[in-house]
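Chemist: One file: run11.cif (mmCIF, C-alpha atoms).
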data_entry
#
loop_
_atom_site.label_atom_id
_atom_site.label_comp_id
_atom_site.auth_asym_id
_atom_site.auth_seq_id
_atom_site.Cartn_x
_atom_site.Cartn_y
_atom_site.Cartn_z
CA MET A 29 -39.94 17.56 -16.75
CA VAL A 30 -40.64 14.15 -18.23
CA PHE A 31 -40.04 10.68 -16.80
CA LEU A 32 -40.10 8.24 -19.73
CA PHE A 33 -39.94 4.70 -18.36
CA VAL A 34 -39.97 1.39 -20.21
CA ASP A 35 -41.33 -1.40 -18.05
CA THR A 36 -38.98 -4.42 -17.75
CA LEU A 37 -35.97 -2.93 -19.57
CA ARG A 38 -32.72 -4.51 -18.39
CA ALA A 39 -29.48 -2.54 -18.56
CA ASP A 40 -27.67 -4.61 -21.17
CA MET A 41 -30.31 -3.81 -23.80
CA PHE A 42 -28.90 -0.29 -23.96
CA THR A 43 -26.69 -0.91 -27.00
CA GLN A 44 -26.35 0.49 -30.51
CA GLU A 45 -27.70 -2.73 -32.01
CA ILE A 46 -30.84 -2.99 -29.86
CA MET A 47 -31.58 0.63 -28.92
CA PRO A 48 -29.93 2.87 -31.54
CA ASN A 49 -32.13 5.89 -30.78
CA LEU A 50 -31.55 5.88 -27.03
CA THR A 51 -27.85 5.23 -27.59
CA ALA A 52 -27.58 8.27 -29.86
CA PHE A 53 -29.49 10.39 -27.35
CA GLY A 54 -27.28 9.14 -24.53
CA ASN A 55 -24.17 10.11 -26.47
CA GLU A 56 -25.40 13.71 -26.39
CA ASN A 57 -26.49 13.72 -22.76
CA THR A 58 -25.73 11.97 -19.44
CA VAL A 59 -25.57 8.21 -19.00
CA PHE A 60 -25.30 6.48 -15.63
CA LYS A 61 -23.85 3.03 -16.39
CA ASN A 62 -24.07 1.59 -12.88
CA ASN A 63 -27.72 2.30 -12.14
CA TYR A 64 -30.17 0.09 -10.27
CA SER A 65 -33.84 -0.12 -9.46
CA ASN A 66 -34.82 -0.26 -5.81
CA GLY A 67 -37.18 -3.12 -6.56
CA ASN A 68 -37.28 -6.29 -8.65
CA ASN A 69 -40.88 -5.59 -9.63
CA THR A 70 -42.99 -2.67 -10.81
CA ARG A 71 -44.63 -1.92 -7.46
CA HIS A 72 -41.44 -1.34 -5.53
CA GLY A 73 -39.36 0.08 -8.38
CA ILE A 74 -41.82 2.84 -9.26
CA PHE A 75 -42.75 3.48 -5.63
CA SER A 76 -39.11 4.14 -4.66
CA LEU A 77 -38.62 6.26 -7.79
CA PHE A 78 -41.43 8.64 -6.81
CA THR A 79 -40.93 8.62 -3.06
CA GLY A 80 -37.19 8.32 -2.53
CA ILE A 81 -37.75 5.77 0.24
CA PRO A 82 -37.48 1.96 0.39
CA GLY A 83 -40.24 -0.28 -0.90
CA SER A 84 -40.87 -1.54 2.62
CA TYR A 85 -43.02 1.57 3.07
CA TRP A 86 -45.41 0.50 0.31
CA THR A 87 -48.01 -1.08 2.60
CA LYS A 88 -48.14 2.02 4.81
CA ALA A 89 -48.58 4.28 1.78
CA LEU A 90 -51.31 2.04 0.38
CA SER A 91 -53.29 1.87 3.61
CA SER A 92 -53.14 5.66 4.01
CA SER A 93 -53.51 6.59 0.30
CA THR A 94 -50.43 8.77 0.64
CA PRO A 95 -49.26 10.44 -2.60
CA SER A 96 -45.58 10.63 -3.42
CA VAL A 97 -43.48 13.48 -2.09
CA LEU A 98 -42.43 14.31 -5.66
CA ILE A 99 -46.01 14.71 -6.90
CA THR A 100 -46.94 16.73 -3.82
CA ALA A 101 -43.98 19.09 -4.30
CA LEU A 102 -44.76 19.54 -8.00
CA GLN A 103 -48.38 20.38 -7.23
CA LYS A 104 -47.29 22.89 -4.59
CA GLU A 105 -45.28 24.67 -7.29
CA ASP A 106 -48.32 24.62 -9.62
CA TYR A 107 -46.94 22.18 -12.16
CA GLY A 108 -49.33 20.58 -14.58
CA ILE A 109 -49.32 16.83 -13.92
CA GLY A 110 -49.91 14.36 -16.75
CA ILE A 111 -49.68 10.59 -16.23
CA PHE A 112 -49.75 8.43 -19.36
CA ALA A 113 -49.35 4.66 -19.07
CA GLY A 114 -49.71 1.77 -21.46
CA ALA A 115 -50.88 -0.46 -18.59
CA PRO A 116 -53.54 -0.01 -15.87
CA LEU A 117 -52.53 2.14 -12.90
CA ASN A 118 -54.46 0.07 -10.39
CA LEU A 119 -52.24 -3.04 -10.64
CA PRO A 120 -50.11 -2.11 -8.71
CA GLU A 121 -52.31 0.42 -6.97
CA PHE A 122 -50.53 3.58 -8.06
CA HIS A 123 -53.89 5.33 -8.37
CA THR A 124 -54.32 5.18 -4.58
CA THR A 125 -50.66 5.69 -3.63
CA ILE A 126 -48.14 7.80 -5.55
CA PHE A 127 -50.75 9.38 -7.87
CA SER A 128 -53.64 9.57 -5.40
CA SER A 129 -53.65 13.39 -5.47
CA VAL A 130 -53.68 13.68 -9.29
CA ASP A 131 -57.01 14.89 -10.66
CA ASN A 132 -58.58 13.16 -13.66
CA LEU A 133 -56.06 10.34 -13.54
CA ARG A 134 -56.52 7.92 -16.44
CA VAL A 135 -56.38 4.54 -14.72
CA TRP A 136 -57.15 2.37 -17.74
CA PRO A 137 -55.16 2.68 -20.98
CA ARG A 138 -56.61 2.97 -24.45
CA GLY A 139 -55.94 0.37 -27.12
CA GLU A 140 -55.88 -3.37 -27.64
CA GLY A 141 -52.55 -4.87 -26.74
CA ALA A 142 -49.55 -3.24 -25.14
CA ASN A 143 -47.89 -1.81 -28.23
CA GLN A 144 -51.08 -0.04 -29.28
CA SER A 145 -51.73 1.19 -25.72
CA ASP A 146 -48.21 2.61 -25.59
CA GLN A 147 -48.74 4.48 -28.84
CA PHE A 148 -52.00 5.92 -27.49
CA ALA A 149 -50.24 6.91 -24.25
CA ILE A 150 -47.71 8.94 -26.23
CA GLU A 151 -50.48 10.45 -28.35
CA ASN A 152 -52.34 11.45 -25.18
CA PHE A 153 -49.15 12.98 -23.78
CA GLU A 154 -48.58 15.04 -26.92
CA ASN A 155 -52.17 16.31 -27.00
CA TRP A 156 -52.04 17.18 -23.30
CA VAL A 157 -48.82 19.17 -23.66
CA LYS A 158 -50.20 21.13 -26.61
CA LYS A 159 -53.20 22.20 -24.53
CA LEU A 160 -51.18 23.50 -21.60
CA PRO A 161 -51.06 27.28 -21.12
CA LYS A 162 -47.93 28.70 -22.70
CA GLY A 163 -45.03 28.71 -20.28
CA LYS A 164 -46.74 26.56 -17.65
CA PRO A 165 -44.31 24.15 -16.02
CA PHE A 166 -45.32 20.53 -16.33
CA PHE A 167 -44.40 17.06 -15.22
CA SER A 168 -45.27 13.91 -17.17
CA PHE A 169 -44.77 10.27 -16.43
CA ILE A 170 -44.93 8.11 -19.56
CA PHE A 171 -44.85 4.40 -18.75
CA LEU A 172 -44.49 2.06 -21.73
CA ASP A 173 -45.68 -1.55 -21.36
CA SER A 174 -44.66 -3.19 -24.65
CA VAL A 175 -41.43 -4.72 -23.39
CA HIS A 176 -43.14 -6.09 -20.28
CA ALA A 177 -45.72 -7.71 -22.58
CA TYR A 178 -43.10 -8.84 -25.16
CA ASP A 179 -45.26 -7.05 -27.69
CA PHE A 180 -44.38 -5.31 -30.94
CA PRO A 181 -46.04 -4.97 -34.36
CA LYS A 182 -45.64 -8.35 -36.08
CA THR A 183 -44.49 -6.96 -39.39
CA PRO A 184 -41.16 -7.58 -41.15
CA GLU A 185 -39.79 -4.10 -40.40
CA HIS A 186 -40.05 -4.81 -36.65
CA GLU A 187 -38.55 -8.31 -36.77
CA TYR A 188 -34.93 -7.34 -36.21
CA PHE A 189 -33.90 -10.38 -34.19
CA VAL A 190 -34.74 -13.76 -35.67
CA PRO A 191 -35.70 -16.42 -35.13
CA TYR A 192 -37.93 -15.33 -32.27
CA TRP A 193 -40.47 -17.13 -30.11
CA LYS A 194 -43.81 -16.16 -31.62
CA ASN A 195 -46.00 -18.07 -29.17
CA ILE A 196 -44.54 -17.73 -25.69
CA ASN A 197 -45.31 -20.66 -23.43
CA HIS A 198 -43.93 -20.24 -19.92
CA MET A 199 -44.66 -23.88 -19.16
CA LYS A 200 -41.69 -24.81 -21.36
CA LEU A 201 -39.20 -22.82 -19.32
CA ASN A 202 -36.73 -24.85 -17.28
CA ASN A 203 -33.04 -24.92 -16.53
CA ASP A 204 -32.26 -26.72 -19.81
CA PHE A 205 -34.36 -24.48 -22.05
CA ASP A 206 -32.43 -22.56 -24.74
CA PRO A 207 -33.47 -18.91 -24.24
CA THR A 208 -32.25 -17.61 -27.62
CA GLU A 209 -35.61 -17.26 -29.39
CA TYR A 210 -37.32 -16.07 -26.22
CA LEU A 211 -34.66 -13.40 -25.78
CA ASN A 212 -35.04 -12.38 -29.43
CA THR A 213 -38.75 -11.76 -28.84
CA TYR A 214 -37.80 -9.56 -25.92
CA LYS A 215 -35.19 -7.72 -27.99
CA ASN A 216 -37.71 -7.03 -30.74
CA SER A 217 -40.06 -5.46 -28.20
CA VAL A 218 -37.18 -3.36 -26.85
CA ARG A 219 -36.29 -2.23 -30.36
CA PHE A 220 -39.91 -1.16 -30.85
CA ALA A 221 -39.89 0.73 -27.52
CA ASP A 222 -36.76 2.50 -28.75
CA THR A 223 -38.75 3.95 -31.66
CA MET A 224 -41.35 5.28 -29.22
CA ILE A 225 -38.63 6.87 -27.11
CA GLN A 226 -37.44 8.67 -30.23
CA GLN A 227 -41.00 9.80 -30.92
CA VAL A 228 -41.15 11.54 -27.54
CA ILE A 229 -37.74 13.15 -28.07
CA ASP A 230 -38.76 14.37 -31.53
CA PHE A 231 -42.00 15.82 -30.15
CA LEU A 232 -40.19 17.78 -27.44
CA LYS A 233 -37.78 19.13 -30.06
CA LYS A 234 -40.61 20.07 -32.43
CA GLU A 235 -42.43 21.94 -29.66
CA ASN A 236 -39.19 23.74 -28.69
CA LEU A 237 -39.36 22.22 -25.22
CA LEU A 238 -36.27 20.03 -25.04
CA ASP A 239 -33.87 22.88 -24.30
CA ASN A 240 -35.64 23.67 -21.02
CA THR A 241 -37.04 20.26 -20.10
CA ILE A 242 -35.46 17.60 -17.91
CA LEU A 243 -36.00 14.20 -19.54
CA VAL A 244 -35.26 11.05 -17.53
CA ILE A 245 -35.30 7.72 -19.40
CA SER A 246 -35.08 4.48 -17.44
CA SER A 247 -37.02 1.41 -16.27
CA ASP A 248 -38.69 0.03 -13.17
CA HIS A 249 -36.73 -3.26 -13.20
CA GLY A 250 -35.04 -5.71 -15.55
CA ASP A 251 -35.85 -9.22 -16.76
CA GLU A 252 -34.01 -12.52 -16.51
CA PHE A 253 -33.53 -15.32 -19.01
CA ASN A 254 -31.91 -17.87 -16.71
CA ASP A 255 -28.70 -15.82 -16.84
CA ASN A 256 -27.17 -17.49 -13.80
CA LYS A 257 -28.42 -21.02 -14.61
CA LEU A 258 -30.59 -21.26 -11.50
CA ASN A 259 -33.87 -21.49 -13.45
CA TYR A 260 -34.92 -17.89 -12.80
CA TRP A 261 -37.02 -16.34 -15.54
CA SER A 262 -38.69 -12.94 -15.87
CA HIS A 263 -38.47 -10.71 -12.75
CA GLY A 264 -39.55 -10.56 -9.12
CA GLY A 265 -37.55 -13.67 -8.26
CA ASN A 266 -34.16 -12.39 -7.12
CA PHE A 267 -31.91 -9.34 -6.85
CA THR A 268 -29.21 -10.13 -9.40
CA ASP A 269 -28.22 -7.64 -12.08
CA PRO A 270 -30.49 -9.05 -14.82
CA GLN A 271 -33.53 -8.31 -12.66
CA ILE A 272 -32.61 -4.97 -11.04
CA LYS A 273 -29.92 -3.22 -13.13
CA VAL A 274 -31.57 -0.73 -15.49
CA PRO A 275 -30.44 1.97 -17.92
CA LEU A 276 -30.50 5.61 -16.88
CA VAL A 277 -30.17 8.42 -19.41
CA ILE A 278 -30.80 12.00 -18.30
CA HIS A 279 -31.15 15.13 -20.41
CA TRP A 280 -30.75 17.97 -17.92
CA PRO A 281 -29.93 21.36 -19.45
CA GLY A 282 -26.93 22.88 -17.70
CA LYS A 283 -25.67 19.63 -16.16
CA PRO A 284 -22.49 17.73 -17.13
CA LYS A 285 -22.78 15.44 -20.11
CA GLY A 286 -20.95 12.16 -20.46
CA THR A 287 -20.88 8.68 -18.98
CA PHE A 288 -20.57 8.04 -15.25
CA ASP A 289 -19.74 4.73 -13.59
CA TYR A 290 -20.46 5.45 -9.93
CA LEU A 291 -23.40 3.72 -8.24
CA THR A 292 -26.82 5.33 -8.67
CA THR A 293 -30.37 4.15 -8.02
CA LEU A 294 -33.85 5.33 -8.94
CA MET A 295 -34.28 6.41 -5.33
CA ASP A 296 -31.73 9.18 -5.94
CA LEU A 297 -33.97 11.19 -8.27
CA VAL A 298 -36.32 12.62 -5.62
CA PRO A 299 -33.52 14.05 -3.43
CA THR A 300 -31.99 15.53 -6.58
CA ILE A 301 -35.08 17.12 -8.10
CA LEU A 302 -36.71 18.53 -4.97
CA PRO A 303 -33.81 20.80 -3.98
CA GLU A 304 -32.42 21.54 -7.45
CA VAL A 305 -35.65 22.07 -9.39
CA LEU A 306 -38.39 22.74 -6.86
CA GLY A 307 -36.41 24.79 -4.37
CA CYS A 308 -36.87 22.53 -1.36
CA THR A 309 -34.52 23.72 1.40
CA ASN A 310 -35.18 20.94 3.91
CA PRO A 311 -32.40 18.43 4.44
CA THR A 312 -33.06 15.56 2.03
CA SER A 313 -33.09 13.19 4.99
CA ASP A 314 -36.43 14.76 5.96
CA TYR A 315 -38.13 13.08 3.01
CA SER A 316 -35.77 10.56 1.40
CA VAL A 317 -32.99 8.07 2.04
CA GLY A 318 -31.57 8.58 -1.46
CA GLN A 319 -28.74 10.94 -2.33
CA ASN A 320 -28.19 13.62 -4.96
CA ILE A 321 -27.40 11.85 -8.19
CA TRP A 322 -24.84 14.48 -9.21
CA GLU A 323 -22.69 14.05 -6.09
CA PRO A 324 -20.66 10.82 -6.38
CA ASP A 325 -18.58 11.58 -3.29
CA ARG A 326 -21.67 11.19 -1.12
CA LYS A 327 -22.69 7.82 -2.53
CA ARG A 328 -22.76 4.73 -0.36
CA ASN A 329 -21.56 1.39 -1.69
CA TRP A 330 -24.83 -0.49 -1.07
CA PHE A 331 -28.49 0.13 -1.78
CA TYR A 332 -31.99 -1.03 -0.92
CA SER A 333 -34.00 -3.23 -3.26
CA SER A 334 -37.40 -4.68 -2.41
CA GLY A 335 -39.38 -7.72 -3.51
CA TYR A 336 -42.79 -9.13 -2.77
CA ASP A 337 -41.69 -11.45 0.02
CA ARG A 338 -38.27 -10.17 1.07
CA ASN A 339 -35.98 -7.16 0.98
CA ALA A 340 -32.33 -6.96 0.00
CA PHE A 341 -29.25 -4.85 0.54
CA VAL A 342 -27.15 -5.06 -2.59
CA GLU A 343 -23.41 -4.60 -2.16
CA PRO A 344 -20.68 -4.61 -4.85
CA ASP A 345 -19.86 -8.28 -4.29
CA ARG A 346 -22.81 -9.81 -2.46
CA ILE A 347 -26.53 -9.60 -1.80
CA VAL A 348 -27.82 -9.58 1.77
CA LEU A 349 -31.40 -10.83 2.01
CA ILE A 350 -33.81 -10.18 4.86
CA ASN A 351 -36.77 -12.55 5.10
CA LYS A 352 -40.09 -11.95 6.86
CA ALA A 353 -38.69 -13.34 10.09
CA GLY A 354 -35.89 -10.78 9.99
CA LEU A 355 -33.19 -13.37 9.34
CA MET A 356 -30.26 -12.65 7.03
CA GLU A 357 -29.11 -14.72 4.09
CA PHE A 358 -25.82 -13.97 2.32
CA LEU A 359 -25.51 -14.59 -1.43
CA ASP A 360 -22.99 -13.73 -4.10
CA LYS A 361 -23.93 -11.79 -7.24
CA THR A 362 -25.01 -14.99 -9.01
CA TYR A 363 -27.43 -15.80 -6.16
CA ARG A 364 -25.36 -18.60 -4.71
CA PRO A 365 -24.19 -18.76 -1.08
CA SER A 366 -21.52 -16.18 -0.31
CA LYS A 367 -18.39 -17.00 1.64
CA ASN A 368 -18.67 -13.55 3.23
CA LYS A 369 -21.20 -13.89 6.04
CA SER A 370 -20.17 -10.83 8.03
CA ILE A 371 -22.94 -8.67 9.44
CA PRO A 372 -23.24 -5.47 7.37
CA PRO A 373 -21.87 -2.43 9.22
CA TYR A 374 -24.78 -0.30 8.01
CA MET A 375 -27.56 -2.20 9.80
CA ALA A 376 -28.09 0.54 12.39
CA GLU A 377 -28.57 2.97 9.50
CA VAL A 378 -31.05 0.59 7.90
CA MET A 379 -33.08 0.29 11.08
CA GLU A 380 -33.35 4.06 11.35
CA GLU A 381 -34.15 4.67 7.68
CA THR A 382 -36.80 1.98 7.47
CA SER A 383 -38.69 3.38 10.45
CA ARG A 384 -38.14 7.13 10.06
CA PHE A 385 -41.10 7.77 7.74
CA ALA A 386 -43.61 5.41 9.34
CA LYS A 387 -45.17 8.06 11.55
#
What does this structure look like when you write it as structure tokens?
Modeler:
Amino acid sequence: MVFLFVDTLRADMFTQEIMPNLTAFGNENTVFKNNYSNGNNTRHGIFSLFTGIPGSYWTKALSSSTPSVLITALQKEDYGIGIFAGAPLNLPEFHTTIFSSVDNLRVWPRGEGANQSDQFAIENFENWVKKLPKGKPFFSFIFLDSVHAYDFPKTPEHEYFVPYWKNINHMKLNNDFDPTEYLNTYKNSVRFADTMIQQVIDFLKKENLLDNTILVISSDHGDEFNDNKLNYWSHGGNFTDPQIKVPLVIHWPGKPKGTFDYLTTLMDLVPTILPEVLGCTNPTSDYSVGQNIWEPDRKRNWFYSSGYDRNAFVEPDRIVLINKAGLMEFLDKTYRPSKNKSIPPYMAEVMEETSRFAK
């Protein structure tokens, strides 16, 4: 099983023009078009991915150095665990939370610059897989940082989108700034990440592993270029689609192929994998608040997403914010005040789910 994640990859980059390799792979596998991260930043997005619980549990996990339930279950079944990242794993502190039980964890990446570190991460992954005992089940998390760093080889063959902003200066960003060249820089880094995704796919095919390997390709969160004209840039600032909607492509031998439009989140992977791959017979509510990704009839029409200073419940037509004082704020999907200020009917469920695992 391989999780191949591209840091800061927003959903609308998943097109033939920008990501031809992933698009071709998606056409042969399963694409979830309405998929969201459970955080608007790396800490909460990756934490919810590996734990299946809301990001509000992060502080508890950090203080107790609790590894993720997914990693623990994989280790119990004697999977080889390989973690390969193009960015340090101590910012956020994944080395003392979700991966705290992984031996010989490489915290610091090799290479100078994100695009080189990503290439080394893939090289390390390939070498690690080749050294595994034949037939040993394995799990790898490959986390590419080039898009987050807006980095790609500055050679003509990688300059697909021009003109692009060669020297990014965040001090110039304001509500009147034209984002075209800035966005082109981002798109070039995405196009480069797409070539690295293809490299991983090609390696799995060459090693005759793809036919019996689950491959999940997605991102921890998106990125904003003042999409809603409220002077929001980058990520971590709000819970609109540019910042939290991310692609999700799954290669799962034996599962239906095609494109699905029902709501999914990264939090749904743990309660899918534990019972279906690792044989966990406990009710999923024992360890997760997510739901099986293959069962659309069980999906709710809202989901958790966490930020550094507030949490959100994202509905189809509005975003309900909860601040540190526990007060609610109601916004529409462009982050402007919503006319609908009704109290969500699921708040009792929220209270139970956000306290259930704090013991």
Chemist: Could you tell me how far CA of Ser383 in chain A lies from CA of Ser84 in chain A, in Å and to one decimal?
Modeler: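 These two atoms are separated by 9.5 Å.
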Chemist: Return as a list of chain:residue names the set of residues that the PyMOL selection byres ((chain A and resi 172) around 9) yields on the displayed structure.
Modeler: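 This file gives the following for the PyMOL selection byres ((chain A and resi 172) around 9): A:Leu32, A:Phe33, A:Val34, A:Asp35, A:Phe112, A:Ala113, A:Gly114, A:Ala115, A:Ala142, A:Asn143, A:Ser145, A:Asp146, A:Gln147, A:Ala149, A:Ile150, A:Ile170, A:Phe171, A:Asp173, A:Ser174, A:Val175, A:His176, A:Ala221, A:Met224.
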Chemist: So that I can see what lies close to Tyr188 in chain A, please list as a PyMOL selection string the residues with an atom at most 9 Å from it, counting all atoms listed in the file and leaving out residues fewer than 6 positions away in the same chain.
Modeler: chain A and resi 46+212+215-216+219
Chemist: Choose the residue, out of A:Lys194, A:Lys164, A:His249, A:Lys233, that has the smallest atom-to-atom separation from His72 in chain A; count only C-alpha atoms.
Modeler: A:His249
Chemist: Up to 12 Å from (-51.9, 3.1, 2.4) in the file's coordinates: name the residues, counting all atoms listed in the file, as a compact mmCIF listing (two decimals) with C-alpha atoms, keeping the file's coordinate frame.
Modeler:
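Writing done, so here's selection24.txt:
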# COMPACT_ATOMS: atom_id res chain seq x y z
CA SER A 84 -40.87 -1.54 2.62
CA TYR A 85 -43.02 1.57 3.07
CA TRP A 86 -45.41 0.50 0.31
CA THR A 87 -48.01 -1.08 2.60
CA LYS A 88 -48.14 2.02 4.81
CA ALA A 89 -48.58 4.28 1.78
CA LEU A 90 -51.31 2.04 0.38
CA SER A 91 -53.29 1.87 3.61
CA SER A 92 -53.14 5.66 4.01
CA SER A 93 -53.51 6.59 0.30
CA THR A 94 -50.43 8.77 0.64
CA PRO A 95 -49.26 10.44 -2.60
CA SER A 96 -45.58 10.63 -3.42
CA GLU A 121 -52.31 0.42 -6.97
CA PHE A 122 -50.53 3.58 -8.06
CA HIS A 123 -53.89 5.33 -8.37
CA THR A 124 -54.32 5.18 -4.58
CA THR A 125 -50.66 5.69 -3.63
CA ILE A 126 -48.14 7.80 -5.55
CA SER A 128 -53.64 9.57 -5.40
CA ALA A 386 -43.61 5.41 9.34
Chemist: Hey, can you check how far CA of Leu133 in chain A sits from CA of Thr79 in chain A?
Modeler: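 If I compute the distance from CA of Leu133 in chain A to CA of Thr79 in chain A, I get 18.5 Å.
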Chemist: Tell me which protein, DNA and RNA residues are within 12 Å of Gly318 in chain A, counting all atoms listed in the file, leaving out same-chain ones fewer than 5 positions away, and put them as a PyMOL selection string.
Modeler: chain A and resi 66+76-82+291-302+311-313+323+326-328+330-332+381
Chemist: Find, counting all atoms listed in the file, the residue in A:Asn202, A:Leu238, A:Gln103, A:Arg38 that gets nearest to Tyr64 in chain A.
Modeler: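 Looking only at the distances to Tyr64 in chain A, the closest residue turns out to be A:Arg38.
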Chemist: Return as a CSV table (one decimal) with C-alpha atoms, keeping the file's coordinate frame the set of residues that the PyMOL selection byres ((chain A and resi 214) around 10) yields on the displayed structure.
Modeler:
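Here's the written file expr.csv:
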chain,number,residue,atom,x,y,z
A,36,THR,CA,-39.0,-4.4,-17.8
A,37,LEU,CA,-36.0,-2.9,-19.6
A,41,MET,CA,-30.3,-3.8,-23.8
A,174,SER,CA,-44.7,-3.2,-24.6
A,175,VAL,CA,-41.4,-4.7,-23.4
A,176,HIS,CA,-43.1,-6.1,-20.3
A,177,ALA,CA,-45.7,-7.7,-22.6
A,178,TYR,CA,-43.1,-8.8,-25.2
A,179,ASP,CA,-45.3,-7.0,-27.7
A,180,PHE,CA,-44.4,-5.3,-30.9
A,189,PHE,CA,-33.9,-10.4,-34.2
A,192,TYR,CA,-37.9,-15.3,-32.3
A,193,TRP,CA,-40.5,-17.1,-30.1
A,208,THR,CA,-32.2,-17.6,-27.6
A,209,GLU,CA,-35.6,-17.3,-29.4
A,210,TYR,CA,-37.3,-16.1,-26.2
A,211,LEU,CA,-34.7,-13.4,-25.8
A,212,ASN,CA,-35.0,-12.4,-29.4
A,213,THR,CA,-38.8,-11.8,-28.8
A,215,LYS,CA,-35.2,-7.7,-28.0
A,216,ASN,CA,-37.7,-7.0,-30.7
A,217,SER,CA,-40.1,-5.5,-28.2
A,218,VAL,CA,-37.2,-3.4,-26.8
A,219,ARG,CA,-36.3,-2.2,-30.4
A,220,PHE,CA,-39.9,-1.2,-30.8
A,251,ASP,CA,-35.8,-9.2,-16.8
A,253,PHE,CA,-33.5,-15.3,-19.0
Chemist: Tell me which of A:Met199, A:Ala340, A:Leu98, A:Ile229 sits closest to Asn49 in chain A, counting only C-alpha atoms.
Modeler: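 Closest to Asn49 in chain A, using only C-alpha atoms: A:Ile229.
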Chemist: Spell out the residues picked by the PyMOL selection byres ((chain A and resi 281) around 10) here, as a PyMOL selection string.
Modeler: chain A and resi 57+238-243+278-280+282-285
Chemist: Need to verify the contact set: Ala52 in chain A, 12 Å, only C-alpha atoms, exclusion of same-chain residues closer than 2 positions in sequence. Can you return it as an NGL selection string?
Modeler: :A and (42-50 or 54-59 or 222 or 225-226 or 229 or 277)
Chemist: Store the residues picked out above, limited to C-alpha atoms, as a compact mmCIF listing (two decimals), keeping the file's coordinate frame.
Modeler:
# COMPACT_ATOMS: atom_id res chain seq x y z
CA PHE A 42 -28.90 -0.29 -23.96
CA THR A 43 -26.69 -0.91 -27.00
CA GLN A 44 -26.35 0.49 -30.51
CA GLU A 45 -27.70 -2.73 -32.01
CA ILE A 46 -30.84 -2.99 -29.86
CA MET A 47 -31.58 0.63 -28.92
CA PRO A 48 -29.93 2.87 -31.54
CA ASN A 49 -32.13 5.89 -30.78
CA LEU A 50 -31.55 5.88 -27.03
CA GLY A 54 -27.28 9.14 -24.53
CA ASN A 55 -24.17 10.11 -26.47
CA GLU A 56 -25.40 13.71 -26.39
CA ASN A 57 -26.49 13.72 -22.76
CA THR A 58 -25.73 11.97 -19.44
CA VAL A 59 -25.57 8.21 -19.00
CA ASP A 222 -36.76 2.50 -28.75
CA ILE A 225 -38.63 6.87 -27.11
CA GLN A 226 -37.44 8.67 -30.23
CA ILE A 229 -37.74 13.15 -28.07
CA VAL A 277 -30.17 8.42 -19.41
Chemist: Might you pull out every residue within 8 Å of Lys257 in chain A, with all atoms listed in the file counted and same-chain residues fewer than 3 positions away left off, and present them as a list in words?
Modeler: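 The residues satisfying every condition are Asn203, Asn254 and Tyr260 of chain A.
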Chemist: If I take CA of Gly286 in chain A and CA of Ser168 in chain A, how far is one from the other in Å, to one decimal?
Modeler: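 Taking CA of Gly286 in chain A as the start and CA of Ser168 in chain A as the end point, the length is 24.6 Å.
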Chemist: Need the shell around Gly110 in chain A: protein/DNA/RNA residues with any atom at most 12 Å away, counting all atoms listed in the file. Skip same-chain ones fewer than 5 positions apart. Format as a tab-separated table (two decimals) with C-alpha atoms, in the frame of the given file?
Modeler:
chain	number	residue	atom	x	y	z
A	29	MET	CA	-39.94	17.56	-16.75
A	30	VAL	CA	-40.64	14.15	-18.23
A	31	PHE	CA	-40.04	10.68	-16.80
A	32	LEU	CA	-40.10	8.24	-19.73
A	99	ILE	CA	-46.01	14.71	-6.90
A	102	LEU	CA	-44.76	19.54	-8.00
A	103	GLN	CA	-48.38	20.38	-7.23
A	127	PHE	CA	-50.75	9.38	-7.87
A	129	SER	CA	-53.65	13.39	-5.47
A	130	VAL	CA	-53.68	13.68	-9.29
A	131	ASP	CA	-57.01	14.89	-10.66
A	132	ASN	CA	-58.58	13.16	-13.66
A	133	LEU	CA	-56.06	10.34	-13.54
A	134	ARG	CA	-56.52	7.92	-16.44
A	135	VAL	CA	-56.38	4.54	-14.72
A	149	ALA	CA	-50.24	6.91	-24.25
A	150	ILE	CA	-47.71	8.94	-26.23
A	152	ASN	CA	-52.34	11.45	-25.18
A	153	PHE	CA	-49.15	12.98	-23.78
A	154	GLU	CA	-48.58	15.04	-26.92
A	155	ASN	CA	-52.17	16.31	-27.00
A	156	TRP	CA	-52.04	17.18	-23.30
A	157	VAL	CA	-48.82	19.17	-23.66
A	158	LYS	CA	-50.20	21.13	-26.61
A	159	LYS	CA	-53.20	22.20	-24.53
A	160	LEU	CA	-51.18	23.50	-21.60
A	165	PRO	CA	-44.31	24.15	-16.02
A	166	PHE	CA	-45.32	20.53	-16.33
A	167	PHE	CA	-44.40	17.06	-15.22
A	168	SER	CA	-45.27	13.91	-17.17
A	169	PHE	CA	-44.77	10.27	-16.43
A	170	ILE	CA	-44.93	8.11	-19.56
A	171	PHE	CA	-44.85	4.40	-18.75
Chemist: Choose the residue, out of A:Trp136, A:Gly83, A:Tyr315, A:Lys182, that has the smallest atom-to-atom separation from Phe385 in chain A; count all atoms listed in the file.
Modeler: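 Among the listed residues, A:Tyr315 lies closest to Phe385 in chain A.
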Chemist: Mind dumping range 336-347 of chain A from that block, keeping C-alpha atoms, as a compact mmCIF listing (two decimals), in the first residue's frame?
Modeler:
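Now in decode.txt:
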# COMPACT_ATOMS: atom_id res chain seq x y z
CA TYR A 336 -4.63 26.61 13.65
CA ASP A 337 -6.98 28.91 15.54
CA ARG A 338 -10.47 27.60 14.77
CA ASN A 339 -12.39 24.57 13.55
CA ALA A 340 -15.09 24.35 10.91
CA PHE A 341 -18.01 22.22 9.86
CA VAL A 342 -18.31 22.44 6.11
CA GLU A 343 -21.77 21.95 4.64
CA PRO A 344 -22.82 21.97 0.96
CA ASP A 345 -23.85 25.63 1.05
CA ARG A 346 -22.19 27.16 4.09
CA ILE A 347 -19.27 26.97 6.50
